[in-house]
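Visitor: Sharing target18.json here; it has JSON, C-alpha atoms.
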```
[["chain", "number", "residue", "atom", "x", "y", "z"],
["Y", 1, "MET", "CA", 0.00, 0.00, 0.00],
["Y", 2, "GLY", "CA", 2.72, 2.44, 0.73],
["Y", 3, "ALA", "CA", 5.24, 1.43, -1.95],
["Y", 4, "LYS", "CA", 6.52, 4.48, -3.66],
["Y", 5, "VAL", "CA", 5.90, 4.71, -7.35],
["Y", 6, "GLY", "CA", 7.20, 8.00, -8.54],
["Y", 7, "GLY", "CA", 10.47, 9.31, -7.21],
["Y", 8, "SER", "CA", 10.81, 13.04, -7.49],
["Y", 9, "SER", "CA", 13.61, 14.12, -9.76],
["Y", 10, "GLY", "CA", 16.97, 14.77, -8.16],
["Y", 11, "GLY", "CA", 16.03, 14.13, -4.51],
["Y", 12, "SER", "CA", 18.22, 11.47, -2.93],
["Y", 13, "MET", "CA", 15.36, 10.25, -0.67],
["Y", 14, "ASP", "CA", 12.43, 12.53, -0.72],
["Y", 15, "GLU", "CA", 10.08, 10.32, 1.27],
["Y", 16, "ILE", "CA", 10.42, 7.71, 3.97],
["Y", 17, "ASN", "CA", 8.86, 4.34, 3.27],
["Y", 18, "VAL", "CA", 6.26, 4.09, 6.03],
["Y", 19, "THR", "CA", 4.96, 0.62, 5.16],
["Y", 20, "PRO", "CA", 7.09, -1.30, 7.72],
["Y", 21, "LEU", "CA", 6.24, 1.29, 10.38],
["Y", 22, "ILE", "CA", 2.55, 0.82, 9.77],
["Y", 23, "ASP", "CA", 2.97, -2.95, 9.89],
["Y", 24, "VAL", "CA", 4.72, -2.84, 13.24],
["Y", 25, "VAL", "CA", 2.33, -0.33, 14.75],
["Y", 26, "LEU", "CA", -0.74, -2.26, 13.61],
["Y", 27, "VAL", "CA", 0.63, -5.47, 15.10],
["Y", 28, "LEU", "CA", 1.39, -3.68, 18.40],
["Y", 29, "LEU", "CA", -2.09, -2.21, 18.37],
["Y", 30, "ILE", "CA", -3.67, -5.62, 17.92],
["Y", 31, "ILE", "CA", -1.48, -7.08, 20.67],
["Y", 32, "PHE", "CA", -2.53, -4.39, 23.12],
["Y", 33, "MET", "CA", -6.18, -4.74, 22.17],
["Y", 34, "ILE", "CA", -6.02, -8.43, 22.99],
["Y", 35, "ILE", "CA", -4.10, -7.98, 26.23],
["Y", 36, "THR", "CA", -6.36, -5.21, 27.52],
["Y", 37, "PRO", "CA", -8.94, -7.50, 29.13],
["Y", 38, "MET", "CA", -6.28, -8.25, 31.68],
["Y", 39, "THR", "CA", -5.61, -11.47, 33.45],
["Y", 40, "VAL", "CA", -6.53, -11.91, 37.08],
["Y", 41, "GLN", "CA", -4.31, -14.01, 39.29],
["Y", 42, "LYS", "CA", -6.28, -16.07, 41.76],
["Y", 43, "LEU", "CA", -5.36, -18.27, 44.67],
["Y", 44, "PRO", "CA", -8.06, -20.69, 45.81],
["Y", 45, "ALA", "CA", -8.45, -21.12, 49.56],
["Y", 46, "GLU", "CA", -10.76, -23.67, 51.14],
["Y", 47, "LEU", "CA", -13.01, -22.61, 53.97],
["Y", 48, "PRO", "CA", -14.14, -24.72, 56.90],
["Y", 49, "PRO", "CA", -17.75, -25.94, 56.81],
["Y", 50, "ILE", "CA", -20.20, -23.65, 58.56],
["Y", 51, "GLU", "CA", -22.45, -26.33, 60.06],
["Y", 52, "ASP", "CA", -22.19, -26.82, 63.78],
["Y", 53, "THR", "CA", -21.56, -30.53, 63.42],
["Y", 54, "PRO", "CA", -18.09, -31.29, 64.70],
["Y", 55, "PRO", "CA", -15.70, -32.48, 62.02],
["Y", 56, "PRO", "CA", -14.80, -36.17, 62.04],
["Y", 57, "PRO", "CA", -11.81, -36.85, 64.25],
["Y", 58, "PRO", "CA", -8.65, -36.79, 62.20],
["Y", 59, "ASP", "CA", -7.10, -40.13, 61.36],
["Y", 60, "PRO", "CA", -4.12, -40.42, 63.69],
["Y", 61, "ASN", "CA", -2.13, -42.19, 60.98],
["Y", 62, "LYS", "CA", -2.39, -39.22, 58.68],
["Y", 63, "LYS", "CA", -0.65, -36.27, 60.17],
["Y", 64, "GLN", "CA", -2.37, -32.99, 59.45],
["Y", 65, "LEU", "CA", -0.23, -30.15, 58.26],
["Y", 66, "MET", "CA", -1.08, -26.95, 60.04],
["Y", 67, "ILE", "CA", 0.76, -23.73, 59.45],
["Y", 68, "SER", "CA", 0.29, -21.09, 62.11],
["Y", 69, "VAL", "CA", 0.91, -17.45, 61.36],
["Y", 70, "PHE", "CA", 1.58, -15.30, 64.40],
["Y", 71, "ALA", "CA", 0.87, -11.65, 65.04],
["Y", 72, "ASP", "CA", 4.52, -10.79, 64.41],
["Y", 73, "ASN", "CA", 4.26, -12.47, 60.97],
["Y", 74, "SER", "CA", 6.45, -15.40, 61.97],
["Y", 75, "TYR", "CA", 5.11, -18.85, 61.30],
["Y", 76, "ALA", "CA", 5.15, -22.40, 62.56],
["Y", 77, "LEU", "CA", 4.46, -25.80, 61.05],
["Y", 78, "ASN", "CA", 2.46, -28.05, 63.37],
["Y", 79, "LEU", "CA", 3.30, -25.66, 66.21],
["Y", 80, "VAL", "CA", 7.05, -25.81, 65.67],
["Y", 81, "PRO", "CA", 8.37, -22.38, 64.71],
["Y", 82, "LYS", "CA", 10.02, -22.27, 61.31],
["Y", 83, "ASP", "CA", 11.70, -19.73, 59.14],
["Y", 84, "GLU", "CA", 10.90, -19.72, 55.47],
["Y", 85, "PRO", "CA", 13.58, -22.12, 54.14],
["Y", 86, "THR", "CA", 12.88, -24.74, 56.79],
["Y", 87, "LEU", "CA", 9.13, -24.34, 56.30],
["Y", 88, "ARG", "CA", 9.60, -24.99, 52.60],
["Y", 89, "ALA", "CA", 11.86, -27.97, 53.16],
["Y", 90, "ASP", "CA", 9.60, -29.54, 55.80],
["Y", 91, "LEU", "CA", 6.44, -29.04, 53.80],
["Y", 92, "LYS", "CA", 8.06, -30.55, 50.75],
["Y", 93, "ALA", "CA", 9.27, -33.57, 52.72],
["Y", 94, "GLN", "CA", 5.87, -34.06, 54.37],
["Y", 95, "LEU", "CA", 3.83, -33.67, 51.22],
["Y", 96, "LYS", "CA", 6.07, -35.73, 48.98],
["Y", 97, "GLY", "CA", 5.02, -39.20, 50.12],
["Y", 98, "ARG", "CA", 1.31, -38.48, 50.15],
["Y", 99, "VAL", "CA", -1.34, -39.36, 47.63],
["Y", 100, "ILE", "CA", -2.85, -36.36, 45.96],
["Y", 101, "ASP", "CA", -6.07, -36.40, 47.99],
["Y", 102, "GLU", "CA", -4.12, -36.10, 51.20],
["Y", 103, "ARG", "CA", -1.94, -33.20, 50.19],
["Y", 104, "ASN", "CA", -3.91, -30.78, 52.30],
["Y", 105, "VAL", "CA", -2.49, -27.93, 54.30],
["Y", 106, "PHE", "CA", -4.32, -25.81, 56.84],
["Y", 107, "VAL", "CA", -3.49, -22.24, 57.64],
["Y", 108, "ASP", "CA", -4.37, -20.67, 60.97],
["Y", 109, "ALA", "CA", -3.45, -17.04, 61.37],
["Y", 110, "ASN", "CA", -3.61, -14.44, 64.08],
["Y", 111, "GLY", "CA", -5.91, -11.58, 63.21],
["Y", 112, "GLU", "CA", -3.10, -9.08, 63.54],
["Y", 113, "ALA", "CA", -0.89, -10.87, 61.02],
["Y", 114, "ARG", "CA", -0.52, -9.11, 57.70],
["Y", 115, "TYR", "CA", -2.71, -10.46, 54.95],
["Y", 116, "GLU", "CA", 0.35, -10.56, 52.72],
["Y", 117, "THR", "CA", 2.02, -13.07, 55.04],
["Y", 118, "VAL", "CA", -1.04, -15.30, 55.02],
["Y", 119, "VAL", "CA", -1.19, -15.26, 51.23],
["Y", 120, "HIS", "CA", 2.53, -15.91, 51.11],
["Y", 121, "VAL", "CA", 2.15, -18.97, 53.34],
["Y", 122, "ILE", "CA", -0.66, -20.31, 51.15],
["Y", 123, "ASP", "CA", 1.53, -19.69, 48.15],
["Y", 124, "VAL", "CA", 4.50, -21.51, 49.68],
["Y", 125, "ALA", "CA", 2.31, -24.49, 50.58],
["Y", 126, "ARG", "CA", 1.00, -24.71, 47.03],
["Y", 127, "GLU", "CA", 4.47, -24.33, 45.64],
["Y", 128, "MET", "CA", 5.68, -27.21, 47.77],
["Y", 129, "GLY", "CA", 2.97, -29.46, 46.39],
["Y", 130, "ALA", "CA", -0.16, -28.89, 48.48],
["Y", 131, "LYS", "CA", -3.27, -29.70, 46.49],
["Y", 132, "ARG", "CA", -5.73, -27.93, 48.72],
["Y", 133, "VAL", "CA", -5.00, -25.18, 51.19],
["Y", 134, "GLY", "CA", -7.65, -24.14, 53.63],
["Y", 135, "PHE", "CA", -8.28, -21.85, 56.54],
["Y", 136, "ALA", "CA", -8.71, -23.49, 59.90],
["Y", 137, "GLU", "CA", -8.65, -22.50, 63.54],
["Y", 138, "LEU", "CA", -7.09, -24.25, 66.48],
["Y", 139, "LYS", "CA", -8.95, -23.67, 69.70],
["Y", 140, "GLU", "CA", -6.25, -23.97, 72.34],
["Y", 141, "THR", "CA", -2.89, -23.77, 70.67],
["Y", 142, "GLY", "CA", -3.66, -21.51, 67.75],
["Y", 143, "PRO", "CA", -1.79, -18.29, 67.04],
["Y", 144, "GLU", "CA", -4.82, -16.36, 68.24],
["Y", 145, "LYS", "CA", -4.02, -17.55, 71.75],
["Y", 146, "LEU", "CA", -0.27, -17.99, 71.66],
["Y", 147, "THR", "CA", 2.71, -16.08, 70.46],
["Y", 148, "ALA", "CA", 5.64, -17.72, 68.75],
["Y", 149, "ASP", "CA", 7.75, -17.31, 71.89],
["Y", 150, "GLU", "CA", 5.20, -18.99, 74.13],
["Y", 151, "LEU", "CA", 5.05, -21.81, 71.66],
["Y", 152, "ILE", "CA", 8.79, -22.31, 71.82],
["Y", 153, "ARG", "CA", 8.60, -22.50, 75.58],
["Y", 154, "LEU", "CA", 5.70, -24.96, 75.44],
["Y", 155, "ALA", "CA", 7.31, -27.18, 72.86],
["Y", 156, "ALA", "CA", 10.79, -26.87, 74.29],
["Y", 157, "PRO", "CA", 11.41, -30.10, 76.25],
["Y", 158, "PRO", "CA", 11.42, -32.86, 73.61],
["Y", 159, "ALA", "CA", 13.29, -31.38, 70.69],
["Y", 160, "PRO", "CA", 16.31, -29.13, 71.10],
["Y", 161, "VAL", "CA", 15.13, -25.78, 69.89],
["Y", 162, "ALA", "CA", 16.89, -24.61, 66.81],
["Y", 163, "PRO", "CA", 18.87, -21.45, 67.48],
["Y", 164, "ILE", "CA", 17.04, -18.53, 66.03],
["Y", 165, "PRO", "CA", 19.34, -15.91, 64.65],
["H", 166, "MET", "CA", 5.96, 12.68, 6.07],
["H", 167, "GLY", "CA", 3.59, 10.90, 3.79],
["H", 168, "ALA", "CA", 2.45, 13.71, 1.58],
["H", 169, "LYS", "CA", 2.63, 12.66, -2.02],
["H", 170, "VAL", "CA", 4.85, 14.70, -4.24],
["H", 171, "GLY", "CA", 4.77, 13.22, -7.68],
["H", 172, "ALA", "CA", 1.60, 11.69, -9.02],
["H", 173, "LYS", "CA", 2.28, 9.16, -11.71],
["H", 174, "LYS", "CA", 1.01, 10.38, -14.99],
["H", 175, "GLY", "CA", -2.27, 8.95, -16.17],
["H", 176, "GLY", "CA", -3.13, 6.97, -13.01],
["H", 177, "ALA", "CA", -6.25, 8.21, -11.30],
["H", 178, "MET", "CA", -4.82, 7.50, -7.83],
["H", 179, "ALA", "CA", -1.38, 5.99, -7.87],
["H", 180, "ASP", "CA", -0.92, 5.76, -4.13],
["H", 181, "ILE", "CA", -3.11, 5.98, -1.07],
["H", 182, "ASN", "CA", -2.19, 8.70, 1.36],
["H", 183, "VAL", "CA", -1.46, 6.73, 4.54],
["H", 184, "THR", "CA", -0.62, 9.66, 6.79],
["H", 185, "PRO", "CA", -4.06, 9.97, 8.43],
["H", 186, "LEU", "CA", -4.15, 6.18, 8.93],
["H", 187, "VAL", "CA", -0.79, 6.26, 10.67],
["H", 188, "ASP", "CA", -1.94, 9.15, 12.83],
["H", 189, "VAL", "CA", -5.09, 7.39, 13.95],
["H", 190, "VAL", "CA", -3.36, 4.07, 14.55],
["H", 191, "LEU", "CA", -0.58, 5.66, 16.57],
["H", 192, "VAL", "CA", -3.06, 7.53, 18.72],
["H", 193, "LEU", "CA", -5.06, 4.34, 19.32],
["H", 194, "LEU", "CA", -1.85, 2.54, 20.20],
["H", 195, "ILE", "CA", -0.90, 5.16, 22.76],
["H", 196, "ILE", "CA", -4.41, 5.14, 24.23],
["H", 197, "PHE", "CA", -4.30, 1.38, 24.69],
["H", 198, "MET", "CA", -0.80, 1.50, 26.14],
["H", 199, "VAL", "CA", -1.90, 4.04, 28.71],
["H", 200, "ILE", "CA", -5.19, 2.35, 29.56],
["H", 201, "THR", "CA", -3.88, -1.20, 29.87],
["H", 202, "PRO", "CA", -2.26, -0.88, 33.33],
["H", 203, "MET", "CA", -5.25, 1.05, 34.65],
["H", 204, "LEU", "CA", -7.85, -1.51, 33.73],
["H", 205, "SER", "CA", -8.62, -3.90, 36.50],
["H", 206, "SER", "CA", -11.83, -4.88, 38.13],
["H", 207, "GLY", "CA", -12.73, -3.55, 41.50],
["H", 208, "VAL", "CA", -11.04, -1.06, 43.68],
["H", 209, "ASP", "CA", -7.33, -0.32, 43.46],
["H", 210, "VAL", "CA", -5.33, -2.20, 46.09],
["H", 211, "ALA", "CA", -1.72, -3.37, 46.43],
["H", 212, "LEU", "CA", -2.17, -7.09, 45.90],
["H", 213, "PRO", "CA", 0.09, -9.57, 47.65],
["H", 214, "PRO", "CA", 2.35, -11.48, 45.26],
["H", 215, "ALA", "CA", 2.00, -15.22, 44.75],
["H", 216, "GLN", "CA", 3.86, -17.69, 42.56],
["H", 217, "THR", "CA", 1.25, -20.38, 42.28],
["H", 218, "ALA", "CA", -1.78, -18.28, 41.46],
["H", 219, "GLU", "CA", -4.01, -19.45, 38.65],
["H", 220, "SER", "CA", -4.19, -17.01, 35.82],
["H", 221, "GLU", "CA", -7.50, -16.21, 34.22],
["H", 222, "LYS", "CA", -8.59, -13.66, 31.66],
["H", 223, "ASP", "CA", -10.51, -10.93, 33.34],
["H", 224, "MET", "CA", -13.47, -10.43, 31.07],
["H", 225, "GLY", "CA", -15.45, -8.73, 33.78],
["H", 226, "THR", "CA", -16.88, -12.11, 34.77],
["H", 227, "ASN", "CA", -15.91, -11.81, 38.42],
["H", 228, "LEU", "CA", -17.51, -9.75, 41.11],
["H", 229, "VAL", "CA", -14.61, -8.32, 43.03],
["H", 230, "ILE", "CA", -14.81, -7.67, 46.77],
["H", 231, "GLY", "CA", -12.00, -5.33, 47.73],
["H", 232, "VAL", "CA", -10.47, -4.88, 51.15],
["H", 233, "LYS", "CA", -8.16, -1.91, 51.42],
["H", 234, "GLY", "CA", -5.22, -1.56, 53.75],
["H", 235, "ASP", "CA", -7.30, 0.42, 56.24],
["H", 236, "GLY", "CA", -9.94, -2.31, 56.31],
["H", 237, "SER", "CA", -12.56, -0.53, 54.22],
["H", 238, "VAL", "CA", -14.65, -2.89, 52.10],
["H", 239, "PHE", "CA", -15.73, -2.42, 48.52],
["H", 240, "VAL", "CA", -18.06, -4.34, 46.24],
["H", 241, "ASP", "CA", -16.66, -3.74, 42.79],
["H", 242, "LYS", "CA", -15.88, -0.04, 43.15],
["H", 243, "LYS", "CA", -18.56, 0.85, 45.66],
["H", 244, "ALA", "CA", -17.67, 1.32, 49.32],
["H", 245, "VAL", "CA", -19.84, -0.63, 51.73],
["H", 246, "VAL", "CA", -19.90, -1.30, 55.43],
["H", 247, "ILE", "CA", -19.49, -4.95, 56.23],
["H", 248, "ASP", "CA", -23.05, -5.27, 57.54],
["H", 249, "ASN", "CA", -24.36, -4.34, 54.11],
["H", 250, "LEU", "CA", -21.86, -6.48, 52.23],
["H", 251, "ILE", "CA", -24.23, -9.35, 51.53],
["H", 252, "GLU", "CA", -27.05, -7.06, 50.40],
["H", 253, "GLU", "CA", -24.71, -5.24, 48.08],
["H", 254, "ILE", "CA", -23.39, -8.50, 46.60],
["H", 255, "ALA", "CA", -26.95, -9.67, 46.03],
["H", 256, "ALA", "CA", -27.84, -6.35, 44.43],
["H", 257, "GLN", "CA", -24.82, -6.42, 42.16],
["H", 258, "ARG", "CA", -25.50, -9.99, 41.16],
["H", 259, "GLU", "CA", -29.14, -9.30, 40.42],
["H", 260, "GLY", "CA", -28.47, -8.52, 36.81],
["H", 261, "ASP", "CA", -26.55, -11.76, 36.27],
["H", 262, "ASP", "CA", -28.93, -13.94, 34.35],
["H", 263, "GLY", "CA", -28.74, -17.58, 35.29],
["H", 264, "ARG", "CA", -25.23, -17.93, 36.53],
["H", 265, "ALA", "CA", -24.04, -15.61, 39.20],
["H", 266, "ARG", "CA", -20.62, -14.07, 38.82],
["H", 267, "PRO", "CA", -17.93, -15.79, 40.88],
["H", 268, "LEU", "CA", -16.73, -13.76, 43.83],
["H", 269, "VAL", "CA", -13.08, -12.85, 44.11],
["H", 270, "VAL", "CA", -11.68, -11.33, 47.27],
["H", 271, "LYS", "CA", -9.07, -8.73, 46.55],
["H", 272, "GLY", "CA", -7.26, -7.92, 49.77],
["H", 273, "ASP", "CA", -4.57, -5.31, 50.19],
["H", 274, "ARG", "CA", -1.24, -6.74, 51.24],
["H", 275, "ASN", "CA", -1.13, -4.30, 54.14],
["H", 276, "ALA", "CA", -4.53, -5.23, 55.46],
["H", 277, "SER", "CA", -4.56, -7.39, 58.54],
["H", 278, "TYR", "CA", -5.71, -10.98, 58.28],
["H", 279, "ARG", "CA", -8.62, -10.17, 60.58],
["H", 280, "GLN", "CA", -10.01, -7.56, 58.21],
["H", 281, "VAL", "CA", -9.84, -9.86, 55.21],
["H", 282, "ARG", "CA", -11.03, -12.88, 57.13],
["H", 283, "ALA", "CA", -14.07, -10.96, 58.38],
["H", 284, "VAL", "CA", -15.10, -10.35, 54.78],
["H", 285, "ILE", "CA", -14.40, -13.96, 53.78],
["H", 286, "ASP", "CA", -16.41, -15.31, 56.70],
["H", 287, "GLU", "CA", -19.29, -12.96, 56.04],
["H", 288, "ILE", "CA", -19.47, -14.14, 52.44],
["H", 289, "HIS", "CA", -18.95, -17.77, 53.31],
["H", 290, "GLU", "CA", -21.75, -17.80, 55.86],
["H", 291, "ASN", "CA", -24.30, -16.04, 53.70],
["H", 292, "VAL", "CA", -23.58, -16.73, 50.06],
["H", 293, "PRO", "CA", -24.03, -20.30, 48.81],
["H", 294, "PHE", "CA", -21.27, -22.13, 46.93],
["H", 295, "THR", "CA", -18.39, -20.25, 48.49],
["H", 296, "ASP", "CA", -16.54, -23.18, 50.05],
["H", 297, "THR", "CA", -13.52, -22.24, 48.02],
["H", 298, "MET", "CA", -12.71, -18.56, 48.16],
["H", 299, "LEU", "CA", -10.70, -17.04, 45.36],
["H", 300, "LEU", "CA", -8.06, -14.58, 46.52],
["H", 301, "ALA", "CA", -6.74, -12.16, 43.96],
["H", 302, "THR", "CA", -2.97, -11.88, 43.91],
["H", 303, "ASP", "CA", -0.30, -10.14, 41.96],
["H", 304, "LYS", "CA", 2.37, -11.63, 39.78],
["H", 305, "PRO", "CA", 5.54, -12.18, 41.78],
["H", 306, "PRO", "CA", 8.20, -9.53, 41.29],
["H", 307, "GLU", "CA", 10.76, -10.36, 38.63],
["H", 308, "GLY", "CA", 13.96, -12.01, 39.67],
["H", 309, "VAL", "CA", 12.65, -13.62, 42.83],
["H", 310, "ASN", "CA", 13.61, -17.31, 43.26]]
```
Rewrite the structure from the file as structure tokens, please.

Guide:
Amino acid sequence: MGAKVGGSSGGSMDEINVTPLIDVVLVLLIIFMIITPMTVQKLPAELPPIEDTPPPPPDPNKKQLMISVFADNSYALNLVPKDEPTLRADLKAQLKGRVIDERNVFVDANGEARYETVVHVIDVAREMGAKRVGFAELKETGPEKLTADELIRLAAPPAPVAPIP
Amino acid sequence: MGAKVGAKKGGAMADINVTPLVDVVLVLLIIFMVITPMLSSGVDVALPPAQTAESEKDMGTNLVIGVKGDGSVFVDKKAVVIDNLIEEIAAQREGDDGRARPLVVKGDRNASYRQVRAVIDEIHENVPFTDTMLLATDKPPEGVN
């Protein structure tokens, strides 16, 4: 469409060939038009049932994985405080041997914890292979009642507490 | 730049003048480039990043419940108090014929868990089929991991 037919006499280049420019711009335009209905990123989180019926007692052979998030944004796996690398490693080790239906992780967070931390913990659990991640609440030993320090004191006797830097 | 200088002899129209086309296309391009980052459903919040989030085209098919960093709650772009949240969701969904729009909770990363959880619980207790809540997240920052 834009190929030049008549060159004016004498001029070395009297007109720029705009055809490639139009091609590129049109393609960019189409790309942006398609991208515009943007993508949403979504993380699914399971919620506990609302009925008052108590949940079936957990099978003692299958250890539940419960991540607690404390008010100071630190976290614990099954009430043992962890930093992020150890949380990742432990979750991975725990989830590895399980069949897909049992790769469930529960998250229990203190109300004062940042939402970002909670989402991050869900994200880490999914990254380490959790199939379903849900919110749950522990009555007695949850982060709503305890702080990470109290937990360390409670859990201290059996395992030597890892030095926290 | 595209003004024709020499018309070929005899031809009624040897070449189409593309200058106005280029102008229009460039302007459209710039408009789309500017609008693209602004377009997102619901209220504007700083979303928490997540690696494993499921990506879905946002064709306006979700009803977005926003929770800002100060705990204020929004249905789409309308501010509501949490006691009216369910009514507002029902009102917004009224126009949905047949299948109701899925709800997506869009919490600010600086909100506290309590603020977001209050909204999630309120929805979960009152709106059917919300056993799995969808949490909107951001793409993780480049170069992490």

Visitor: Can you tell me, as a count of residues only, which residues sit within 6 Å of (-0.1, -20.7, 59.2) in the file's frame, using all atoms listed in the file?

Guide: 7

Visitor: Closest to Gln64 of chain Y among Y:Ile30, Y:Val124, Y:Leu146, Y:Leu95, using all atoms listed in the file?

Guide: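 When distances to Gln64 of chain Y are compared using all atoms listed in the file, the smallest one comes from Y:Leu95.
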
Visitor: Can you write out as a Markdown table which residues of chain Y fall within 6 Å of chain H, alongside each residue's closest atom pair and its distance in Å to one decimal, counting all atoms listed in the file and ordering rows by chain and ascending residue number?

Guide:
```
| residue | atom | partner | partner_atom | distance |
| --- | --- | --- | --- | --- |
| Y:Gly6 | CA | H:Gly171 | CA | 5.8 |
| Y:Leu29 | CA | H:Leu194 | CA | 5.1 |
| Y:Thr36 | CA | H:Thr201 | CA | 5.3 |
| Y:Pro37 | CA | H:Asp223 | CA | 5.7 |
| Y:Met38 | CA | H:Asp223 | CA | 5.3 |
| Y:Thr39 | CA | H:Lys222 | CA | 4.1 |
| Y:Val40 | CA | H:Glu221 | CA | 5.3 |
| Y:Gln41 | CA | H:Ser220 | CA | 4.6 |
| Y:Lys42 | CA | H:Ala301 | CA | 4.5 |
| Y:Leu43 | CA | H:Ala218 | CA | 4.8 |
| Y:Pro44 | CA | H:Leu299 | CA | 4.5 |
| Y:Ala45 | CA | H:Met298 | CA | 5.2 |
| Y:Glu46 | CA | H:Thr297 | CA | 4.4 |
| Y:Leu47 | CA | H:Asp296 | CA | 5.3 |
| Y:Gly111 | CA | H:Arg279 | CA | 4.0 |
| Y:Glu112 | CA | H:Ser277 | CA | 5.5 |
| Y:Ala113 | CA | H:Tyr278 | CA | 5.5 |
| Y:Arg114 | CA | H:Ser277 | CA | 4.5 |
| Y:Tyr115 | CA | H:Tyr278 | CA | 4.5 |
| Y:Glu116 | CA | H:Arg274 | CA | 4.4 |
| Y:Asp123 | CA | H:Ala215 | CA | 5.6 |
```

Visitor: Suppose we keep C-alpha atoms; can you now write the selection as an mmCIF file, in the frame of the given file?

Guide:
```cif
data_model
loop_
_atom_site.group_PDB
_atom_site.id
_atom_site.type_symbol
_atom_site.label_atom_id
_atom_site.label_comp_id
_atom_site.auth_asym_id
_atom_site.auth_seq_id
_atom_site.Cartn_x
_atom_site.Cartn_y
_atom_site.Cartn_z
ATOM 1 C CA GLY Y 6 7.200 8.000 -8.540
ATOM 2 C CA LEU Y 29 -2.090 -2.210 18.370
ATOM 3 C CA THR Y 36 -6.360 -5.210 27.520
ATOM 4 C CA PRO Y 37 -8.940 -7.500 29.130
ATOM 5 C CA MET Y 38 -6.280 -8.250 31.680
ATOM 6 C CA THR Y 39 -5.610 -11.470 33.450
ATOM 7 C CA VAL Y 40 -6.530 -11.910 37.080
ATOM 8 C CA GLN Y 41 -4.310 -14.010 39.290
ATOM 9 C CA LYS Y 42 -6.280 -16.070 41.760
ATOM 10 C CA LEU Y 43 -5.360 -18.270 44.670
ATOM 11 C CA PRO Y 44 -8.060 -20.690 45.810
ATOM 12 C CA ALA Y 45 -8.450 -21.120 49.560
ATOM 13 C CA GLU Y 46 -10.760 -23.670 51.140
ATOM 14 C CA LEU Y 47 -13.010 -22.610 53.970
ATOM 15 C CA GLY Y 111 -5.910 -11.580 63.210
ATOM 16 C CA GLU Y 112 -3.100 -9.080 63.540
ATOM 17 C CA ALA Y 113 -0.890 -10.870 61.020
ATOM 18 C CA ARG Y 114 -0.520 -9.110 57.700
ATOM 19 C CA TYR Y 115 -2.710 -10.460 54.950
ATOM 20 C CA GLU Y 116 0.350 -10.560 52.720
ATOM 21 C CA ASP Y 123 1.530 -19.690 48.150
#
```

Visitor: For segment 245-256 of chain H, work out the shell of residues within 10 Å, counting all atoms listed in the file and skipping chain neighbours fewer than 4 positions away, then give it as number ranges by chain.

Guide: H: 228-231, 236-241, 260-261, 265-266, 268, 283-284, 287-288, 290-292

Visitor: Mind writing the picked residues with C-alpha atoms as a PDB file, keeping the file's coordinate frame?

Guide:
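Saved result, selection_20.pdb, follows:
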```pdb
ATOM      1  CA  LEU H 228     -17.510  -9.750  41.110  1.00  0.00           C
ATOM      2  CA  VAL H 229     -14.610  -8.320  43.030  1.00  0.00           C
ATOM      3  CA  ILE H 230     -14.810  -7.670  46.770  1.00  0.00           C
ATOM      4  CA  GLY H 231     -12.000  -5.330  47.730  1.00  0.00           C
ATOM      5  CA  GLY H 236      -9.940  -2.310  56.310  1.00  0.00           C
ATOM      6  CA  SER H 237     -12.560  -0.530  54.220  1.00  0.00           C
ATOM      7  CA  VAL H 238     -14.650  -2.890  52.100  1.00  0.00           C
ATOM      8  CA  PHE H 239     -15.730  -2.420  48.520  1.00  0.00           C
ATOM      9  CA  VAL H 240     -18.060  -4.340  46.240  1.00  0.00           C
ATOM     10  CA  ASP H 241     -16.660  -3.740  42.790  1.00  0.00           C
ATOM     11  CA  GLY H 260     -28.470  -8.520  36.810  1.00  0.00           C
ATOM     12  CA  ASP H 261     -26.550 -11.760  36.270  1.00  0.00           C
ATOM     13  CA  ALA H 265     -24.040 -15.610  39.200  1.00  0.00           C
ATOM     14  CA  ARG H 266     -20.620 -14.070  38.820  1.00  0.00           C
ATOM     15  CA  LEU H 268     -16.730 -13.760  43.830  1.00  0.00           C
ATOM     16  CA  ALA H 283     -14.070 -10.960  58.380  1.00  0.00           C
ATOM     17  CA  VAL H 284     -15.100 -10.350  54.780  1.00  0.00           C
ATOM     18  CA  GLU H 287     -19.290 -12.960  56.040  1.00  0.00           C
ATOM     19  CA  ILE H 288     -19.470 -14.140  52.440  1.00  0.00           C
ATOM     20  CA  GLU H 290     -21.750 -17.800  55.860  1.00  0.00           C
ATOM     21  CA  ASN H 291     -24.300 -16.040  53.700  1.00  0.00           C
ATOM     22  CA  VAL H 292     -23.580 -16.730  50.060  1.00  0.00           C
TER      23      VAL H 292
END
```

Visitor: Measure the distance from atom CA of Lys92 of chain Y to atom CA of Ala125 of chain Y in Å and round it to one decimal.

Guide: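 Computed distance, atom CA of Lys92 of chain Y to atom CA of Ala125 of chain Y, equals 8.4 Å.
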
Visitor: Can you tell me how far atom CA of Gly142 of chain Y sits from atom CA of Pro81 of chain Y, in Å to one decimal?

Guide: 12.4 Å

Visitor: Please write out, as lines of an AutoDock Vina configuration file, where the centre of an axis-aligned box around all listed atoms of segment 104-121 of chain Y lies and how long its edges are, in Å to one decimal, after adding 6 Å on each side.

Guide:
```
center_x = -1.7
center_y = -19.9
center_z = 57.6
size_x = 20.4
size_y = 33.7
size_z = 25.0
```

Visitor: So the first atom is atom CA of Val232 of chain H and the second is atom CA of Met33 of chain Y; what is the distance between them in Å, to one decimal place?

Guide: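 Computing it gives 29.3 Å between the two atoms.
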
Visitor: Using only C-alpha atoms, which of the listed residues (Y:Arg88, Y:Asn17, Y:Asp101, Y:Ala93) sits closest to Arg126 of chain Y?

Guide: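 Ranking Y:Arg88, Y:Asn17, Y:Asp101, Y:Ala93 by distance to Arg126 of chain Y, first place goes to Y:Arg88.
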
Visitor: Identify which of the residues Y:Glu127, Y:Pro49, Y:Leu79, Y:Val24 lies closest to Glu150 of chain Y, counting all atoms listed in the file when measuring atom-to-atom distances.

Guide: Y:Leu79
